Amino acid sequence: DGPSVAIVGATGAVGQEFLRVITDRDFPYRGLRLLASERSAGKRLAFEDREYTVQDLAAPGAFDGVDIALFSAGGSVSRKYGPAAVASGAVVVDNSSAFRMEPEVPLVIPEVNPEAMANVRLGQGAIVANPNCSTIICLMAATPLHRHAKVLRMVVSTYQAASGAGAAAMEELKLQTQEVLEGKAPTCNIFKQQYAFNIFSHNAPVLENGYNEEEMKMVKETRKIWNDKAVKVTATCIRVPVMRAHAESVNLQFEKPLDEDTAREILRAAPGVTIIDDRASNRFPTPLEVSDKDDVAVGRIRQDLSLDDNRGLDIFVCGDQIRKGAALNAVQIAEMLLK
Ligand code: A2P
């Protein structure tokens, strides 16, 4: 019972997490097709007491009979094969940035803007976009506060994990760490500079305005998800040598006053959010603590003392990039289609 599901990029970091999330959430499916590049075609993958053969995405009929296609193989793959999946009647949940800003494509965080999915139906081909991982993690915490006091301006600084650049980047971080400890020159295949024991500006291309693409995604996607063209957002995105969870410092300036106790109550009630905010023992969210977890963790909840009348808050947010930042959010979108 359930839909026939295809996973595009099944051998990748997010693709593998799709499978784990499907099991963890008992997502119902009648069939499962694992698609990747021709490099992986023929590879056998065990999942839920069955063995699957990875199929070449480029082979004809790859989407025949597929109801839901979860894509995470990069933007160019989504652009090339997404339309074919839609044409064969599938709803594509796309983890890449390829279609996010297209006006007719819903950009969805289920806890934040489920209404954007109103016109998407199983059986009618369509694309739904999964937001950028940093955007999802930030907005999981910022949105409940925004609903209460309306954010006028948001300043984000990220500390982003290797996983956002894929399984190969995670391997490179491990390898480099070992190499540096052994006094060897670090192998730099994925990133152009030493990653272990270092931090650097996000590897996304830098644009003419001085922002990199990752930062501009946070700016544009926030406006679209909140359906608020006026909200002011600025971001600085940094890679840190962490395996799979992002951290973000978020400064929020509000239209209405919002004191930190009320903010804490609001966040305590927010779905998908856990508060870790123990000042006495200096215990706050860490990437390690949220790794493999569904919830985004929020702490360092404090009044911004540079603003009068409780018009600002500082928070620190951590979320598993592969899970809520990608695979979990996409599977939650797929679950909405079953309702
Ligand atoms: P493959 O393993 O065959 O290269 P990650 O984000 O961890 O790097 O994973 C990327 C995923 O996208 C992998 O499953 C990879 O498959 C898949 N992929 C990359 N390029 C293509 C392509 N041109 N066609 C199909 N799948 C692709």
# chains A, B, ... in the order shown; residues from 1 in each chain; ligands from 1
$ residues_near_ligand --ligand "ligand 1" --cutoff "8 Å" --atoms "only C-alpha atoms and all ligand atoms" --output "compact mmCIF listing (two decimals) with N, CA and C atoms, in the first residue's frame"
# COMPACT_ATOMS: atom_id res chain seq x y z
N VAL A 8 16.11 9.76 -6.17
CA VAL A 8 17.12 10.16 -7.14
C VAL A 8 18.34 10.67 -6.38
N GLY A 9 19.46 10.00 -6.58
CA GLY A 9 20.65 10.30 -5.78
C GLY A 9 20.71 9.37 -4.59
N ALA A 10 20.21 8.14 -4.78
CA ALA A 10 20.04 7.18 -3.68
C ALA A 10 21.35 6.79 -3.02
N THR A 11 22.46 6.94 -3.72
CA THR A 11 23.75 6.55 -3.14
C THR A 11 24.41 7.69 -2.38
N GLY A 12 23.82 8.88 -2.41
CA GLY A 12 24.44 10.04 -1.77
C GLY A 12 24.09 10.18 -0.30
N ALA A 13 24.65 11.20 0.32
CA ALA A 13 24.44 11.41 1.76
C ALA A 13 22.96 11.63 2.06
N VAL A 14 22.30 12.48 1.29
CA VAL A 14 20.88 12.74 1.53
C VAL A 14 20.04 11.56 1.07
N GLY A 15 20.41 10.97 -0.07
CA GLY A 15 19.67 9.81 -0.59
C GLY A 15 19.60 8.68 0.44
N LEU A 35 17.58 5.37 -7.76
CA LEU A 35 18.20 5.88 -8.97
C LEU A 35 19.46 6.67 -8.63
N ALA A 36 20.47 6.54 -9.47
CA ALA A 36 21.71 7.32 -9.32
C ALA A 36 22.36 7.41 -10.69
N SER A 37 23.62 7.76 -10.72
CA SER A 37 24.29 7.90 -12.02
C SER A 37 24.67 6.52 -12.55
N GLU A 38 25.12 6.48 -13.78
CA GLU A 38 25.51 5.19 -14.36
C GLU A 38 26.70 4.58 -13.62
N ARG A 39 27.45 5.45 -12.89
CA ARG A 39 28.56 4.94 -12.08
C ARG A 39 28.08 3.92 -11.05
N SER A 40 26.87 4.16 -10.52
CA SER A 40 26.36 3.29 -9.45
C SER A 40 25.37 2.25 -9.96
N ALA A 41 24.97 2.35 -11.21
CA ALA A 41 23.95 1.44 -11.73
C ALA A 41 24.41 -0.01 -11.55
N ASP A 56 20.13 3.31 -13.35
CA ASP A 56 20.65 4.51 -14.00
C ASP A 56 19.50 5.48 -14.26
N LEU A 57 19.62 6.66 -13.68
CA LEU A 57 18.59 7.68 -13.83
C LEU A 57 18.33 8.00 -15.31
N ALA A 58 19.38 7.88 -16.12
CA ALA A 58 19.27 8.27 -17.53
C ALA A 58 18.60 7.20 -18.39
N SER A 72 17.69 14.27 -4.82
CA SER A 72 18.82 14.95 -4.17
C SER A 72 20.10 14.53 -4.86
N ALA A 73 20.27 15.02 -6.07
CA ALA A 73 21.46 14.69 -6.85
C ALA A 73 22.06 15.95 -7.46
N GLY A 74 21.73 17.10 -6.89
CA GLY A 74 22.28 18.36 -7.39
C GLY A 74 21.34 19.05 -8.37
N SER A 76 21.78 20.43 -11.37
CA SER A 76 21.76 20.14 -12.81
C SER A 76 20.98 18.87 -13.09
N VAL A 77 21.09 17.89 -12.20
CA VAL A 77 20.31 16.65 -12.37
C VAL A 77 18.82 16.96 -12.23
N SER A 163 28.54 17.99 5.52
CA SER A 163 27.52 17.20 4.84
C SER A 163 26.79 17.97 3.74
N GLY A 164 26.69 19.29 3.92
CA GLY A 164 26.01 20.09 2.91
C GLY A 164 26.68 19.99 1.55
N ALA A 165 27.94 19.62 1.53
CA ALA A 165 28.65 19.46 0.26
C ALA A 165 28.69 17.99 -0.17
N GLY A 166 27.93 17.13 0.52
CA GLY A 166 27.79 15.74 0.08
C GLY A 166 28.71 14.77 0.81
N ALA A 167 28.48 13.49 0.49
CA ALA A 167 29.20 12.41 1.16
C ALA A 167 30.71 12.53 0.94
N ALA A 168 31.11 12.95 -0.24
CA ALA A 168 32.55 13.05 -0.53
C ALA A 168 33.23 14.10 0.34
N ALA A 169 32.51 15.17 0.65
CA ALA A 169 33.08 16.22 1.50
C ALA A 169 33.26 15.71 2.94
$ residues_around --residues "region 212-215 of chain A" --least-positions-apart "2" --cutoff "12 Å" --atoms "only C-alpha atoms" --output "PyMOL selection string"
chain A and resi 97+131-135+155-158+160+164-165+201-210+217-222+233-239
$ write_last_selection --atoms "N, CA, C and O atoms" --output "CSV table (one decimal), in the first residue's frame"
chain,number,residue,atom,x,y,z
A,97,SER,N,18.5,23.5,-5.5
A,97,SER,CA,18.1,24.9,-5.6
A,97,SER,C,17.4,25.2,-7.0
A,97,SER,O,17.0,26.4,-7.2
A,131,PRO,N,13.5,23.8,0.8
A,131,PRO,CA,14.4,25.0,0.9
A,131,PRO,C,15.9,24.6,1.2
A,131,PRO,O,16.2,23.4,1.6
A,132,ASN,N,16.7,25.5,1.1
A,132,ASN,CA,18.1,25.4,1.5
A,132,ASN,C,18.2,25.0,3.0
A,132,ASN,O,17.4,25.4,3.8
A,133,CYS,N,19.2,24.1,3.3
A,133,CYS,CA,19.3,23.6,4.6
A,133,CYS,C,19.5,24.7,5.7
A,133,CYS,O,18.8,24.6,6.8
A,134,SER,N,20.3,25.7,5.4
A,134,SER,CA,20.5,26.7,6.4
A,134,SER,C,19.2,27.5,6.6
A,134,SER,O,18.9,28.0,7.8
A,135,THR,N,18.4,27.7,5.6
A,135,THR,CA,17.2,28.4,5.6
A,135,THR,C,16.2,27.6,6.5
A,135,THR,O,15.5,28.2,7.4
A,155,VAL,N,19.6,39.0,11.0
A,155,VAL,CA,21.0,38.9,10.7
A,155,VAL,C,21.5,37.5,11.1
A,155,VAL,O,21.4,37.1,12.3
A,156,VAL,N,22.0,36.7,10.1
A,156,VAL,CA,22.3,35.3,10.4
A,156,VAL,C,23.8,35.1,10.1
A,156,VAL,O,24.4,35.6,9.1
A,157,SER,N,24.5,34.4,11.0
A,157,SER,CA,25.9,33.9,10.8
A,157,SER,C,25.8,32.4,10.9
A,157,SER,O,25.4,31.9,11.9
A,158,THR,N,26.3,31.7,9.9
A,158,THR,CA,26.2,30.3,10.0
A,158,THR,C,27.6,29.6,10.2
A,158,THR,O,28.6,30.2,9.9
A,160,GLN,N,28.6,26.0,9.1
A,160,GLN,CA,28.0,24.9,8.4
A,160,GLN,C,28.9,23.7,8.2
A,160,GLN,O,30.1,23.8,8.0
A,164,GLY,N,26.7,19.3,3.9
A,164,GLY,CA,26.0,20.1,2.9
A,164,GLY,C,26.7,20.0,1.5
A,164,GLY,O,26.1,20.3,0.5
A,165,ALA,N,27.9,19.6,1.5
A,165,ALA,CA,28.6,19.5,0.3
A,165,ALA,C,28.7,18.0,-0.2
A,165,ALA,O,29.4,17.6,-1.1
A,201,SER,N,35.0,30.8,4.4
A,201,SER,CA,33.8,31.3,3.8
A,201,SER,C,33.2,30.2,2.9
A,201,SER,O,33.9,29.4,2.3
A,202,HIS,N,31.9,30.0,3.0
A,202,HIS,CA,31.1,29.0,2.3
A,202,HIS,C,31.6,28.9,0.8
A,202,HIS,O,31.9,29.9,0.2
A,203,ASN,N,31.7,27.6,0.4
A,203,ASN,CA,32.3,27.4,-1.0
A,203,ASN,C,31.4,27.7,-2.1
A,203,ASN,O,31.8,27.7,-3.3
A,204,ALA,N,30.2,28.2,-1.9
A,204,ALA,CA,29.3,28.6,-3.0
A,204,ALA,C,29.9,29.8,-3.7
A,204,ALA,O,30.6,30.6,-3.1
A,205,PRO,N,29.6,29.9,-5.0
A,205,PRO,CA,30.2,31.0,-5.8
A,205,PRO,C,29.8,32.4,-5.2
A,205,PRO,O,28.7,32.6,-4.7
A,206,VAL,N,30.8,33.3,-5.2
A,206,VAL,CA,30.6,34.6,-4.7
A,206,VAL,C,30.1,35.5,-5.9
A,206,VAL,O,30.6,35.4,-7.0
A,207,LEU,N,29.0,36.3,-5.6
A,207,LEU,CA,28.3,37.0,-6.6
A,207,LEU,C,28.9,38.5,-6.6
A,207,LEU,O,29.7,38.9,-5.8
A,208,GLU,N,28.4,39.2,-7.6
A,208,GLU,CA,28.9,40.6,-7.8
A,208,GLU,C,28.7,41.5,-6.6
A,208,GLU,O,29.5,42.4,-6.3
A,209,ASN,N,27.6,41.2,-5.8
A,209,ASN,CA,27.3,42.1,-4.7
A,209,ASN,C,28.2,41.7,-3.5
A,209,ASN,O,28.0,42.3,-2.4
A,210,GLY,N,29.1,40.7,-3.6
A,210,GLY,CA,29.9,40.3,-2.5
A,210,GLY,C,29.4,39.2,-1.6
A,210,GLY,O,30.1,38.6,-0.8
A,217,LYS,N,20.6,32.7,-1.0
A,217,LYS,CA,19.5,31.8,-0.8
A,217,LYS,C,18.7,32.1,0.5
A,217,LYS,O,17.5,32.1,0.5
A,218,MET,N,19.5,32.3,1.6
A,218,MET,CA,18.8,32.6,2.8
A,218,MET,C,17.9,33.9,2.7
A,218,MET,O,16.8,33.9,3.3
A,219,VAL,N,18.5,34.9,2.0
A,219,VAL,CA,17.7,36.1,1.9
A,219,VAL,C,16.4,35.9,1.1
A,219,VAL,O,15.3,36.2,1.5
A,220,LYS,N,16.6,35.3,-0.1
A,220,LYS,CA,15.4,35.2,-1.0
A,220,LYS,C,14.4,34.1,-0.6
A,220,LYS,O,13.2,34.3,-0.7
A,221,GLU,N,14.9,33.0,-0.1
A,221,GLU,CA,14.0,31.9,0.3
A,221,GLU,C,13.2,32.3,1.6
A,221,GLU,O,12.0,32.0,1.7
A,222,THR,N,13.8,33.1,2.5
A,222,THR,CA,13.0,33.5,3.6
A,222,THR,C,11.9,34.4,3.2
A,222,THR,O,10.7,34.2,3.7
A,233,VAL,N,16.9,40.7,5.4
A,233,VAL,CA,17.7,39.5,5.8
A,233,VAL,C,19.1,39.7,5.3
A,233,VAL,O,19.3,40.1,4.2
A,234,THR,N,20.1,39.5,6.2
A,234,THR,CA,21.5,39.5,5.7
A,234,THR,C,22.1,38.3,6.4
A,234,THR,O,21.8,37.9,7.5
A,235,ALA,N,23.1,37.7,5.7
A,235,ALA,CA,23.7,36.5,6.2
A,235,ALA,C,25.2,36.4,5.8
A,235,ALA,O,25.6,36.9,4.8
A,236,THR,N,25.9,35.7,6.7
A,236,THR,CA,27.3,35.4,6.4
A,236,THR,C,27.4,33.9,6.6
A,236,THR,O,27.1,33.4,7.7
A,237,CYS,N,27.8,33.1,5.6
A,237,CYS,CA,27.8,31.7,5.6
A,237,CYS,C,29.2,31.1,5.6
A,237,CYS,O,30.0,31.5,4.8
A,238,ILE,N,29.5,30.3,6.6
A,238,ILE,CA,30.9,29.8,6.9
A,238,ILE,C,30.9,28.3,7.0
A,238,ILE,O,30.0,27.8,7.6
A,239,ARG,N,31.9,27.7,6.5
A,239,ARG,CA,32.0,26.2,6.7
A,239,ARG,C,32.9,26.0,7.9
A,239,ARG,O,34.0,26.6,8.0
$ residues_around --residues "Glu265 (chain A)" --least-positions-apart "5" --cutoff "12 Å" --atoms "only C-alpha atoms" --output "PyMOL selection string"
chain A and resi 144-145+148+258-260+270+273-275+301
$ closest_residue --among "A:Ile7, A:Ala326, A:Met140, A:Val21" --to "Pro271 (chain A)" --atoms "only C-alpha atoms"
A:Met140
$ residues_around --residues "Thr53 (chain A)" --least-positions-apart "3" --cutoff "6 Å" --atoms "only C-alpha atoms" --output "list in words"
Gly42, Lys43 and Arg44 of chain A
